[in-house]
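Structure below is protein.cif: mmCIF, C-alpha atoms.
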data_run
#
loop_
_atom_site.group_PDB
_atom_site.id
_atom_site.type_symbol
_atom_site.label_atom_id
_atom_site.label_comp_id
_atom_site.auth_asym_id
_atom_site.auth_seq_id
_atom_site.Cartn_x
_atom_site.Cartn_y
_atom_site.Cartn_z
ATOM 1 C CA MET A 344 16.060 -29.442 -35.172
ATOM 2 C CA PRO A 345 18.461 -27.096 -33.344
ATOM 3 C CA VAL A 346 16.965 -24.177 -31.439
ATOM 4 C CA SER A 347 18.857 -21.746 -33.663
ATOM 5 C CA ALA A 348 17.233 -23.235 -36.792
ATOM 6 C CA LEU A 349 13.732 -22.983 -35.309
ATOM 7 C CA LYS A 350 14.297 -19.375 -34.293
ATOM 8 C CA ALA A 351 15.774 -18.499 -37.687
ATOM 9 C CA GLY A 352 12.705 -19.966 -39.367
ATOM 10 C CA ALA A 353 10.462 -17.940 -37.055
ATOM 11 C CA ARG A 354 12.312 -14.721 -37.862
ATOM 12 C CA GLY A 355 11.964 -15.455 -41.555
ATOM 13 C CA ARG A 356 8.193 -15.883 -41.253
ATOM 14 C CA MET A 357 7.998 -12.673 -39.213
ATOM 15 C CA MET A 358 9.639 -10.652 -41.947
ATOM 16 C CA GLU A 359 7.485 -12.272 -44.639
ATOM 17 C CA ASN A 360 4.280 -11.389 -42.805
ATOM 18 C CA ALA A 361 5.120 -7.875 -41.609
ATOM 19 C CA PRO A 362 3.443 -5.512 -40.876
ATOM 20 C CA LYS A 363 0.180 -7.506 -40.550
ATOM 21 C CA LEU A 364 1.707 -9.876 -38.022
ATOM 22 C CA PHE A 365 2.722 -7.009 -35.742
ATOM 23 C CA ILE A 366 -0.659 -5.269 -36.070
ATOM 24 C CA ILE A 367 -2.433 -8.496 -35.053
ATOM 25 C CA THR A 368 0.017 -8.919 -32.185
ATOM 26 C CA ILE A 369 -0.723 -5.410 -30.900
ATOM 27 C CA ILE A 370 -4.475 -6.080 -31.097
ATOM 28 C CA VAL A 371 -4.128 -9.291 -29.068
ATOM 29 C CA ILE A 372 -1.791 -7.688 -26.498
ATOM 30 C CA VAL A 373 -4.238 -4.810 -25.986
ATOM 31 C CA ILE A 374 -7.200 -7.183 -25.604
ATOM 32 C CA THR A 375 -5.456 -9.522 -23.129
ATOM 33 C CA THR A 376 -3.964 -6.613 -21.167
ATOM 34 C CA VAL A 377 -7.380 -4.986 -20.776
ATOM 35 C CA MET A 378 -8.874 -8.325 -19.733
ATOM 36 C CA SER A 379 -6.162 -8.822 -17.101
ATOM 37 C CA GLU A 380 -6.555 -5.298 -15.739
ATOM 38 C CA LEU A 381 -10.333 -5.615 -15.534
ATOM 39 C CA GLN A 382 -10.024 -8.711 -13.354
ATOM 40 C CA PHE A 383 -8.563 -6.514 -10.601
ATOM 41 C CA ARG A 384 -10.457 -3.289 -11.303
ATOM 42 C CA LEU A 385 -14.023 -4.565 -11.172
ATOM 43 C CA PRO A 386 -16.174 -3.192 -8.324
ATOM 44 C CA GLY A 387 -16.335 -6.655 -6.753
ATOM 45 C CA THR A 388 -12.566 -7.316 -6.844
ATOM 46 C CA SER A 389 -10.822 -3.924 -6.599
ATOM 47 C CA GLY A 390 -11.181 -3.762 -2.801
ATOM 48 C CA ALA A 391 -9.532 -7.143 -2.267
ATOM 49 C CA TYR A 392 -6.796 -6.303 -4.785
ATOM 50 C CA SER A 393 -6.025 -2.967 -3.080
ATOM 51 C CA MET A 394 -5.859 -4.653 0.317
ATOM 52 C CA LEU A 395 -3.539 -7.352 -1.039
ATOM 53 C CA LEU A 396 -1.159 -4.691 -2.397
ATOM 54 C CA GLU A 397 -1.222 -2.830 0.912
ATOM 55 C CA GLN A 398 -0.367 -5.974 2.846
ATOM 56 C CA LEU A 399 2.446 -6.927 0.475
ATOM 57 C CA ASN A 400 3.896 -3.397 0.449
ATOM 58 C CA ALA A 401 3.881 -3.403 4.222
ATOM 59 C CA GLY A 402 5.763 -6.706 4.241
ATOM 60 C CA GLU A 403 2.828 -8.490 5.831
ATOM 61 C CA LYS A 404 1.563 -11.956 5.042
ATOM 62 C CA PRO A 405 -1.785 -11.665 3.186
ATOM 63 C CA VAL A 406 -4.741 -12.504 5.411
ATOM 64 C CA LEU A 407 -7.088 -14.536 3.216
ATOM 65 C CA SER A 408 -10.145 -13.970 5.392
ATOM 66 C CA MET A 409 -9.759 -10.197 5.024
ATOM 67 C CA LEU A 410 -9.298 -10.503 1.269
ATOM 68 C CA TYR A 411 -12.400 -12.672 0.922
ATOM 69 C CA SER A 412 -14.450 -10.177 2.936
ATOM 70 C CA ASN A 413 -13.685 -7.534 0.298
ATOM 71 C CA LEU A 414 -14.792 -9.705 -2.615
ATOM 72 C CA ARG A 415 -18.272 -9.364 -4.077
ATOM 73 C CA PRO A 416 -19.895 -12.395 -5.765
ATOM 74 C CA ALA A 417 -20.834 -10.610 -9.011
ATOM 75 C CA GLY A 418 -17.399 -9.023 -9.427
ATOM 76 C CA ALA A 419 -15.606 -12.255 -8.567
ATOM 77 C CA ALA A 420 -17.753 -14.156 -11.080
ATOM 78 C CA LEU A 421 -16.973 -11.635 -13.825
ATOM 79 C CA ALA A 422 -13.271 -11.810 -12.960
ATOM 80 C CA ALA A 423 -13.421 -15.611 -13.245
ATOM 81 C CA LEU A 424 -15.116 -15.346 -16.649
ATOM 82 C CA LEU A 425 -12.391 -12.970 -17.855
ATOM 83 C CA TRP A 426 -9.738 -15.385 -16.596
ATOM 84 C CA LEU A 427 -11.379 -18.223 -18.522
ATOM 85 C CA ALA A 428 -11.890 -16.110 -21.655
ATOM 86 C CA ARG A 429 -8.247 -15.098 -21.900
ATOM 87 C CA PRO A 430 -6.968 -18.536 -23.071
ATOM 88 C CA VAL A 431 -9.697 -18.500 -25.743
ATOM 89 C CA VAL A 432 -8.264 -15.264 -27.155
ATOM 90 C CA GLU A 433 -4.699 -16.535 -26.778
ATOM 91 C CA THR A 434 -5.572 -19.766 -28.600
ATOM 92 C CA GLY A 435 -6.808 -17.636 -31.495
ATOM 93 C CA TYR A 436 -3.350 -16.076 -31.613
ATOM 94 C CA VAL A 437 -1.777 -19.539 -31.419
ATOM 95 C CA SER A 438 -3.916 -20.482 -34.433
ATOM 96 C CA TYR A 439 -2.659 -17.444 -36.307
ATOM 97 C CA CYS A 440 0.974 -18.314 -35.494
ATOM 98 C CA LEU A 441 0.435 -21.933 -36.531
ATOM 99 C CA LYS A 442 -1.061 -20.931 -39.893
ATOM 100 C CA THR A 443 1.644 -18.321 -40.440
ATOM 101 C CA SER A 444 4.416 -20.801 -39.655
ATOM 102 C CA ARG A 445 2.912 -23.161 -42.248
ATOM 103 C CA ALA A 446 2.543 -20.346 -44.817
ATOM 104 C CA GLU A 447 -1.224 -20.889 -44.869
ATOM 105 C CA GLY A 448 -2.036 -17.198 -44.900
ATOM 106 C CA GLY A 449 -3.725 -16.564 -41.573
ATOM 107 C CA GLY A 450 -5.791 -13.344 -41.613
ATOM 108 C CA TYR A 451 -7.068 -10.927 -38.988
ATOM 109 C CA ALA A 452 -10.150 -13.068 -38.356
ATOM 110 C CA THR A 453 -7.908 -15.985 -37.357
ATOM 111 C CA ILE A 454 -7.509 -14.535 -33.871
ATOM 112 C CA LEU A 455 -11.191 -15.355 -33.343
ATOM 113 C CA ASP A 456 -10.622 -19.062 -34.042
ATOM 114 C CA GLY A 457 -10.671 -19.864 -30.335
ATOM 115 C CA PHE A 458 -14.328 -18.878 -30.090
ATOM 116 C CA LEU A 459 -15.221 -21.666 -32.527
ATOM 117 C CA PHE A 460 -14.624 -24.210 -29.751
ATOM 118 C CA PHE A 461 -14.305 -22.063 -26.638
ATOM 119 C CA GLY A 462 -15.890 -24.738 -24.442
ATOM 120 C CA LYS A 463 -13.104 -27.216 -25.190
ATOM 121 C CA ILE A 464 -10.434 -24.551 -24.676
ATOM 122 C CA ILE A 465 -11.847 -23.682 -21.264
ATOM 123 C CA LEU A 466 -11.967 -27.368 -20.331
ATOM 124 C CA ILE A 467 -8.373 -27.865 -21.491
ATOM 125 C CA THR A 468 -7.310 -24.853 -19.428
ATOM 126 C CA LEU A 469 -9.037 -26.136 -16.297
ATOM 127 C CA ILE A 470 -7.720 -29.688 -16.713
ATOM 128 C CA LYS A 471 -4.178 -28.428 -17.365
ATOM 129 C CA TRP A 472 -4.039 -26.128 -14.352
ATOM 130 C CA VAL A 473 -5.564 -28.688 -11.992
ATOM 131 C CA LEU A 474 -2.969 -31.259 -13.102
ATOM 132 C CA ILE A 475 -0.130 -28.722 -12.905
ATOM 133 C CA PHE A 476 -1.286 -27.707 -9.411
ATOM 134 C CA LEU A 477 -1.391 -31.329 -8.252
ATOM 135 C CA TRP A 478 2.080 -32.018 -9.649
ATOM 136 C CA SER A 479 3.346 -28.819 -8.005
ATOM 137 C CA LEU A 480 2.294 -30.158 -4.610
ATOM 138 C CA LEU A 481 5.098 -32.684 -4.936
ATOM 139 C CA PHE A 482 7.718 -29.977 -5.612
ATOM 140 C CA LEU A 483 8.511 -27.132 -8.003
ATOM 141 C CA PHE A 484 10.256 -29.285 -10.614
ATOM 142 C CA PRO A 485 7.311 -31.709 -11.176
ATOM 143 C CA GLY A 486 5.055 -28.666 -11.610
ATOM 144 C CA ILE A 487 7.323 -27.173 -14.285
ATOM 145 C CA SER A 488 7.581 -30.564 -15.958
ATOM 146 C CA ALA A 489 3.778 -30.850 -16.001
ATOM 147 C CA TYR A 490 3.479 -27.389 -17.554
ATOM 148 C CA TYR A 491 5.538 -28.532 -20.532
ATOM 149 C CA MET A 492 3.918 -31.968 -20.562
ATOM 150 C CA TYR A 493 0.514 -30.460 -21.386
ATOM 151 C CA SER A 494 1.764 -27.516 -23.457
ATOM 152 C CA GLN A 495 0.752 -28.936 -26.846
ATOM 153 C CA ALA A 496 -2.938 -29.521 -26.040
ATOM 154 C CA TYR A 497 -4.147 -26.332 -27.777
ATOM 155 C CA TYR A 498 -2.170 -27.116 -30.930
ATOM 156 C CA ILE A 499 -3.631 -30.609 -31.035
ATOM 157 C CA LEU A 500 -7.143 -29.175 -30.735
ATOM 158 C CA LEU A 501 -6.480 -26.648 -33.506
ATOM 159 C CA ASP A 502 -5.270 -29.434 -35.800
ATOM 160 C CA ASP A 503 -8.284 -31.621 -35.010
ATOM 161 C CA PRO A 504 -11.217 -29.760 -33.399
ATOM 162 C CA GLU A 505 -13.188 -33.014 -33.229
ATOM 163 C CA LYS A 506 -10.993 -34.236 -30.391
ATOM 164 C CA GLY A 507 -12.184 -33.800 -26.824
ATOM 165 C CA ALA A 508 -10.426 -31.654 -24.233
ATOM 166 C CA LEU A 509 -9.172 -34.586 -22.167
ATOM 167 C CA GLN A 510 -7.988 -36.372 -25.313
ATOM 168 C CA CYS A 511 -5.947 -33.311 -26.315
ATOM 169 C CA VAL A 512 -4.343 -33.168 -22.868
ATOM 170 C CA ARG A 513 -3.506 -36.886 -22.965
ATOM 171 C CA GLU A 514 -2.073 -36.675 -26.463
ATOM 172 C CA SER A 515 0.047 -33.693 -25.440
ATOM 173 C CA LYS A 516 1.482 -35.836 -22.648
ATOM 174 C CA ARG A 517 2.354 -38.567 -25.142
ATOM 175 C CA LEU A 518 3.744 -36.098 -27.643
ATOM 176 C CA MET A 519 6.033 -34.468 -25.068
ATOM 177 C CA LYS A 520 7.405 -37.684 -23.617
ATOM 178 C CA GLY A 521 11.160 -37.210 -23.520
ATOM 179 C CA LYS A 522 10.835 -33.781 -25.189
ATOM 180 C CA LYS A 523 10.006 -31.467 -22.300
ATOM 181 C CA LEU A 524 13.598 -30.348 -21.795
ATOM 182 C CA ASP A 525 13.836 -29.358 -25.470
ATOM 183 C CA LEU A 526 10.940 -26.916 -25.167
ATOM 184 C CA PHE A 527 12.234 -25.637 -21.826
ATOM 185 C CA LEU A 528 15.582 -24.811 -23.448
ATOM 186 C CA ILE A 529 13.769 -23.010 -26.270
ATOM 187 C CA ASP A 530 11.916 -20.870 -23.738
ATOM 188 C CA LEU A 531 15.136 -20.316 -21.788
ATOM 189 C CA SER A 532 16.778 -18.930 -24.921
ATOM 190 C CA PHE A 533 14.211 -16.093 -24.872
ATOM 191 C CA ILE A 534 14.905 -15.028 -21.287
ATOM 192 C CA GLY A 535 16.994 -12.057 -22.401
ATOM 193 C CA TRP A 536 14.083 -10.727 -24.441
ATOM 194 C CA GLY A 537 11.772 -11.144 -21.459
ATOM 195 C CA LEU A 538 14.108 -9.217 -19.167
ATOM 196 C CA LEU A 539 14.439 -6.462 -21.768
ATOM 197 C CA ASP A 540 10.644 -6.226 -22.053
ATOM 198 C CA TYR A 541 10.321 -5.871 -18.285
ATOM 199 C CA ALA A 542 13.118 -3.302 -18.093
ATOM 200 C CA VAL A 543 11.596 -1.153 -20.839
ATOM 201 C CA MET A 544 8.170 -1.171 -19.154
ATOM 202 C CA LEU A 545 9.784 -0.354 -15.796
ATOM 203 C CA PHE A 546 12.036 2.502 -16.850
ATOM 204 C CA LEU A 547 10.464 3.992 -19.965
ATOM 205 C CA PRO A 548 8.528 7.135 -18.925
ATOM 206 C CA LEU A 549 5.131 6.272 -20.423
ATOM 207 C CA PRO A 550 1.788 7.366 -18.938
ATOM 208 C CA PHE A 551 0.640 3.735 -19.178
ATOM 209 C CA SER A 552 2.253 0.308 -18.983
ATOM 210 C CA PHE A 553 2.570 -1.333 -22.394
ATOM 211 C CA PRO A 554 4.936 -4.224 -23.225
ATOM 212 C CA ILE A 555 6.611 -2.603 -26.229
ATOM 213 C CA VAL A 556 9.232 -5.333 -26.676
ATOM 214 C CA SER A 557 6.437 -7.932 -26.615
ATOM 215 C CA VAL A 558 5.225 -6.617 -29.976
ATOM 216 C CA TYR A 559 8.336 -8.312 -31.390
ATOM 217 C CA LEU A 560 8.850 -11.013 -28.759
ATOM 218 C CA THR A 561 5.284 -12.431 -28.790
ATOM 219 C CA PRO A 562 5.208 -13.434 -32.489
ATOM 220 C CA TYR A 563 8.863 -14.495 -32.337
ATOM 221 C CA LEU A 564 8.107 -16.899 -29.488
ATOM 222 C CA GLY A 565 4.714 -17.895 -30.920
ATOM 223 C CA LEU A 566 6.128 -18.831 -34.323
ATOM 224 C CA THR A 567 9.044 -20.697 -32.740
ATOM 225 C CA HIS A 568 6.597 -22.723 -30.633
ATOM 226 C CA ALA A 569 4.425 -23.426 -33.685
ATOM 227 C CA MET A 570 7.426 -24.664 -35.663
ATOM 228 C CA TYR A 571 8.482 -26.802 -32.714
ATOM 229 C CA TYR A 572 5.022 -28.398 -32.625
ATOM 230 C CA ASP A 573 5.149 -29.153 -36.343
ATOM 231 C CA ARG A 574 8.572 -30.682 -35.869
ATOM 232 C CA LEU A 575 7.164 -32.920 -33.133
ATOM 233 C CA VAL A 576 4.219 -34.205 -35.152
ATOM 234 C CA LYS A 577 6.502 -34.968 -38.089
ATOM 235 C CA THR A 578 8.777 -37.138 -36.000
ATOM 236 C CA LEU A 579 6.219 -38.750 -33.668
ATOM 237 C CA VAL A 580 2.835 -40.391 -34.123
ATOM 238 C CA VAL A 581 0.312 -38.732 -31.819
#
Written as structure tokens, that's how I'd like the structure from this file.
Amino acid sequence: MPVSALKAGARGRMMENAPKLFIITIIVIVITTVMSELQFRLPGTSGAYSMLLEQLNAGEKPVLSMLYSNLRPAGAALAALLWLARPVVETGYVSYCLKTSRAEGGGYATILDGFLFFGKIILITLIKWVLIFLWSLLFLFPGISAYYMYSQAYYILLDDPEKGALQCVRESKRLMKGKKLDLFLIDLSFIGWGLLDYAVMLFLPLPFSFPIVSVYLTPYLGLTHAMYYDRLVKTLVV
């Protein structure tokens, strides 16, 4: 299916499910933004974060030993838990987009779907990022390729929660064989929206940083990805 057809289908679903879709999107953006901010504002991590910014602003290479000396075990542990919890929340939003793309009537509670199998989501996240890191050691391109190779693991889990984390990652690899460039081109087609979102946050005089354009871009991209996944499973046997 051409990229334009997928995106047109996503826009159609967006209009059909407004304004609920945008309210849910705002809720998820607020939650994930707060989680990200807290990772660097906790008493055990704020010192290291401030020092890192100072070193970067001064054009210096970050000194890891100095950063580690400003970390506190409790704060670092909480920051790690927040980092692991974020994909659980995001998978709930993926579930909502998947149900919406299939006209299955996802509701507000759908964004909590990730907590039904949070252990598997955390395992998938860890497995994915370890594999992506290892591929990235070879060069940038293998790392990007690995990112797309394992991109369908959450969708596979949502379709069949009985599957294990490693099984979902392996099946994503099989599903994306020869298809990684297609999804990369889909993401590339949204680059203008991403730049606009950044520009608005940078230049709009707000007392706080909020990705206003993302309220439209996030469901647009999420529904396009969901429709792409459905297209894959219809044409390939996982």
Pick from A:Met492, A:Leu427, A:Gly402, A:Thr368 nearest to A:Thr453, counting all atoms listed in the file: A:Thr368
Explicit residues for the PyMOL selection byres ((chain A and resi 345-351) around 12) (as a ChimeraX atom specification): /A:344,352-358,444,524-533,560,562-574
9 Å contact set for A:Asp540, all atoms listed in the file, chain neighbours under 6 positions out, as a PyMOL selection string: chain A and resi 554-557+560
Residue nearest A:Lys363 - candidates A:Pro485, A:Gly449, A:Pro386, A:Pro416, atoms counted: all atoms listed in the file: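 Of A:Pro485, A:Gly449, A:Pro386, A:Pro416, the one nearest A:Lys363 is A:Gly449, counting all atoms listed in the file.
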Å distance separating atom CA of A:Tyr436 from atom CA of A:Phe546, one decimal place: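 Here the two named atoms are 28.3 Å from each other.
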Using all atoms listed in the file: which of A:Gly486, A:Gly450, A:Gly507, A:Gly537 has the shortest distance to A:Ile464: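 Of all the options, A:Gly507 lies closest to A:Ile464.
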Coordinates-based distance that separates atom CA of A:Tyr491 from atom CA of A:Phe476 (Å, one decimal):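 Between atom CA of A:Phe476 and atom CA of A:Tyr491 the gap works out to 13.1 Å.
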Residue IDs satisfying the PyMOL selection byres ((chain A and resi 469-475) around 10), as a PyMOL selection string: chain A and resi 427+463-468+476-480+485-494+496+508-509+512
May I have the selected residues written with C-alpha atoms, as an mmCIF file, in the coordinates of the input?
data_model
loop_
_atom_site.group_PDB
_atom_site.id
_atom_site.type_symbol
_atom_site.label_atom_id
_atom_site.label_comp_id
_atom_site.auth_asym_id
_atom_site.auth_seq_id
_atom_site.Cartn_x
_atom_site.Cartn_y
_atom_site.Cartn_z
ATOM 1 C CA LEU A 427 -11.379 -18.223 -18.522
ATOM 2 C CA LYS A 463 -13.104 -27.216 -25.190
ATOM 3 C CA ILE A 464 -10.434 -24.551 -24.676
ATOM 4 C CA ILE A 465 -11.847 -23.682 -21.264
ATOM 5 C CA LEU A 466 -11.967 -27.368 -20.331
ATOM 6 C CA ILE A 467 -8.373 -27.865 -21.491
ATOM 7 C CA THR A 468 -7.310 -24.853 -19.428
ATOM 8 C CA PHE A 476 -1.286 -27.707 -9.411
ATOM 9 C CA LEU A 477 -1.391 -31.329 -8.252
ATOM 10 C CA TRP A 478 2.080 -32.018 -9.649
ATOM 11 C CA SER A 479 3.346 -28.819 -8.005
ATOM 12 C CA LEU A 480 2.294 -30.158 -4.610
ATOM 13 C CA PRO A 485 7.311 -31.709 -11.176
ATOM 14 C CA GLY A 486 5.055 -28.666 -11.610
ATOM 15 C CA ILE A 487 7.323 -27.173 -14.285
ATOM 16 C CA SER A 488 7.581 -30.564 -15.958
ATOM 17 C CA ALA A 489 3.778 -30.850 -16.001
ATOM 18 C CA TYR A 490 3.479 -27.389 -17.554
ATOM 19 C CA TYR A 491 5.538 -28.532 -20.532
ATOM 20 C CA MET A 492 3.918 -31.968 -20.562
ATOM 21 C CA TYR A 493 0.514 -30.460 -21.386
ATOM 22 C CA SER A 494 1.764 -27.516 -23.457
ATOM 23 C CA ALA A 496 -2.938 -29.521 -26.040
ATOM 24 C CA ALA A 508 -10.426 -31.654 -24.233
ATOM 25 C CA LEU A 509 -9.172 -34.586 -22.167
ATOM 26 C CA VAL A 512 -4.343 -33.168 -22.868
#
Pick from A:Phe482, A:Met378, A:Leu455, A:Thr434 nearest to A:Leu500, counting only C-alpha atoms: A:Thr434
Atom CA of A:Gly521 to atom CA of A:Val437, straight-line distance in Å: 23.3 Å
Pick from A:Leu424, A:Ala419, A:Lys523, A:Leu501, whichever lies nearest to A:Phe484 using all atoms listed in the file: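 Counting all atoms listed in the file, the residue closest to A:Phe484 is A:Lys523.
Closest approach to A:Thr375 among A:Ala542, A:Leu425, A:Ile499, A:Met519 is made by A:Leu425 (distances from only C-alpha atoms).
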